[in-house]
Amino acid sequence: MITISTDAIKGGESFKEGARQFAMDVYASAPVGTLLSWQLENSSRSTPANYPARRHSNYQGAVTQTNAWHTVYFYLQSIPDLVTYDAQVDRVSLLMAANSFTCDVYYIDNLRAINGIETGEGG
């Protein structure tokens, strides 16, 4: 798991509504279809002990190529906690193959938010 503190995501509703979308470039030894998660959280409210409560929203994408750079697009998967408001998002957590134990290696680059919904690879 990778956690990133940020004050750049204050419009969480635009991601939930599909006006914006997360994407990142990935090079992974993981097999095609391995799920990746991008969670928006509030650092003072979400802890490992209260999962999935206090998470603003969860987005999932999938590895589409093994041992090659490709873009993974993330789609809204769930809204675990309706009382973690859009303006409270101050942390991103990235999970690779959550709830599993693997020896896969991931390289990530170009984490970004894009306008609209990409219907290409990773969805």
# chains A, B, ... in the order shown; residues from 1 in each chain; ligands from 1
>>> closest_atom_pairs(of="region 19-50 of chain A", to="region 79-89 of chain A", cutoff="9 Å", atoms="only C-alpha atoms", output="JSON lines")
{"residue": "A:Leu40", "atom": "CA", "partner": "A:Val89", "partner_atom": "CA", "distance": 6.2}
{"residue": "A:Glu41", "atom": "CA", "partner": "A:Val89", "partner_atom": "CA", "distance": 5.3}
{"residue": "A:Asn42", "atom": "CA", "partner": "A:Val89", "partner_atom": "CA", "distance": 4.9}
{"residue": "A:Ser43", "atom": "CA", "partner": "A:Val89", "partner_atom": "CA", "distance": 7.9}
{"residue": "A:Arg45", "atom": "CA", "partner": "A:Thr84", "partner_atom": "CA", "distance": 8.2}
>>> select_by_dssp(residues="region 1-120 of chain A", states="alpha helix (DSSP H)", output="PDB file with N, CA and C atoms, in the first residue's frame")
ATOM      1  N   GLY A  12     -14.009  16.010  -4.612  1.00  0.00           N
ATOM      2  CA  GLY A  12     -14.240  14.574  -4.707  1.00  0.00           C
ATOM      3  C   GLY A  12     -15.525  14.200  -5.409  1.00  0.00           C
ATOM      4  N   GLU A  13     -16.516  15.099  -5.369  1.00  0.00           N
ATOM      5  CA  GLU A  13     -17.788  14.789  -6.008  1.00  0.00           C
ATOM      6  C   GLU A  13     -17.647  14.628  -7.512  1.00  0.00           C
ATOM      7  N   SER A  14     -16.704  15.344  -8.134  1.00  0.00           N
ATOM      8  CA  SER A  14     -16.547  15.239  -9.583  1.00  0.00           C
ATOM      9  C   SER A  14     -16.053  13.850 -10.001  1.00  0.00           C
ATOM     10  N   PHE A  15     -15.336  13.170  -9.117  1.00  0.00           N
ATOM     11  CA  PHE A  15     -14.892  11.804  -9.401  1.00  0.00           C
ATOM     12  C   PHE A  15     -16.038  10.817  -9.183  1.00  0.00           C
ATOM     13  N   LYS A  16     -16.818  11.032  -8.132  1.00  0.00           N
ATOM     14  CA  LYS A  16     -17.962  10.156  -7.878  1.00  0.00           C
ATOM     15  C   LYS A  16     -18.998  10.264  -8.991  1.00  0.00           C
TER      16      LYS A  16
END
>>> closest_residue(among="A:Ala53, A:Phe74, A:Leu35, A:Ala113", to="Ile9 (chain A)", atoms="only C-alpha atoms")
A:Ala113
>>> closest_residue(among="A:Ile117, A:Val92, A:Trp69, A:Leu111", to="Tyr27 (chain A)", atoms="only C-alpha atoms")
A:Trp69
>>> closest_residue(among="A:Ser57, A:Thr6, A:Gln39, A:Ser44", to="Ser78 (chain A)", atoms="only C-alpha atoms")
A:Ser57
>>> residues_around(residues="Glu118 (chain A)", least_positions_apart="5", cutoff="10 Å", atoms="only C-alpha atoms", output="PDB file with C-alpha atoms, in the first residue's frame")
ATOM      1  CA  ARG A  20     -13.241  13.346 -13.650  1.00  0.00           C
ATOM      2  CA  GLN A  21     -11.266  10.116 -13.435  1.00  0.00           C
ATOM      3  CA  PHE A  22      -7.968   8.896 -11.992  1.00  0.00           C
ATOM      4  CA  ALA A  23      -5.275   7.299 -14.148  1.00  0.00           C
ATOM      5  CA  VAL A  72      -4.584   2.031 -15.868  1.00  0.00           C
ATOM      6  CA  TYR A  73      -7.869   3.944 -15.599  1.00  0.00           C
ATOM      7  CA  PHE A  74      -9.783   3.844 -12.333  1.00  0.00           C
ATOM      8  CA  TYR A  75     -13.580   3.581 -12.101  1.00  0.00           C
ATOM      9  CA  GLY A 123     -11.692  -0.668 -17.350  1.00  0.00           C
TER      10      GLY A 123
END
>>> closest_residue(among="A:Arg54, A:Asp25, A:Ala19, A:Val63", to="Ile114 (chain A)", atoms="only C-alpha atoms")
A:Ala19
>>> select_by_dssp(residues="chain A", states="strand (DSSP E)", output="PyMOL selection string")
chain A and resi 2-5+20-28+35-41+55-62+70-78+91-96+106-115
>>> write_last_selection(atoms="C-alpha atoms", output="CSV table (one decimal), in the first residue's frame")
chain,number,residue,atom,x,y,z
A,2,ILE,CA,1.2,3.5,-0.8
A,3,THR,CA,-0.3,6.5,0.9
A,4,ILE,CA,0.1,10.1,-0.4
A,5,SER,CA,-0.9,13.2,1.5
A,20,ARG,CA,-13.2,13.3,-13.7
A,21,GLN,CA,-11.3,10.1,-13.4
A,22,PHE,CA,-8.0,8.9,-12.0
A,23,ALA,CA,-5.3,7.3,-14.1
A,24,MET,CA,-1.7,6.2,-13.7
A,25,ASP,CA,1.0,4.5,-15.8
A,26,VAL,CA,2.0,1.1,-14.5
A,27,TYR,CA,4.7,-1.4,-15.3
A,28,ALA,CA,4.0,-4.6,-13.3
A,35,LEU,CA,-7.0,-5.3,-9.5
A,36,LEU,CA,-5.5,-2.0,-8.3
A,37,SER,CA,-7.4,0.4,-6.0
A,38,TRP,CA,-7.2,4.1,-5.6
A,39,GLN,CA,-8.9,5.3,-2.4
A,40,LEU,CA,-9.7,8.8,-1.3
A,41,GLU,CA,-9.5,9.2,2.5
A,55,ARG,CA,-13.1,6.2,3.3
A,56,HIS,CA,-14.6,8.8,0.9
A,57,SER,CA,-14.6,6.7,-2.2
A,58,ASN,CA,-12.8,3.7,-3.8
A,59,TYR,CA,-11.9,3.4,-7.5
A,60,GLN,CA,-10.6,0.3,-9.2
A,61,GLY,CA,-8.6,-0.4,-12.3
A,62,ALA,CA,-6.9,-3.5,-13.6
A,70,HIS,CA,0.5,0.9,-19.8
A,71,THR,CA,-2.1,3.3,-18.5
A,72,VAL,CA,-4.6,2.0,-15.9
A,73,TYR,CA,-7.9,3.9,-15.6
A,74,PHE,CA,-9.8,3.8,-12.3
A,75,TYR,CA,-13.6,3.6,-12.1
A,76,LEU,CA,-15.8,4.2,-9.1
A,77,GLN,CA,-16.2,1.0,-7.2
A,78,SER,CA,-17.8,2.1,-3.9
A,91,ARG,CA,-5.0,11.4,1.5
A,92,VAL,CA,-4.8,8.9,-1.4
A,93,SER,CA,-4.1,5.3,-0.8
A,94,LEU,CA,-3.1,3.0,-3.6
A,95,LEU,CA,-3.5,-0.7,-3.1
A,96,MET,CA,-2.1,-3.3,-5.5
A,106,TYR,CA,5.0,-2.5,-9.6
A,107,TYR,CA,6.5,0.6,-11.0
A,108,ILE,CA,4.1,3.6,-11.1
A,109,ASP,CA,4.4,7.0,-12.8
A,110,ASN,CA,2.2,9.9,-13.9
A,111,LEU,CA,-0.5,9.7,-11.3
A,112,ARG,CA,-3.2,12.1,-12.6
A,113,ALA,CA,-6.8,13.2,-12.8
A,114,ILE,CA,-8.3,13.5,-16.2
A,115,ASN,CA,-11.6,15.0,-17.4
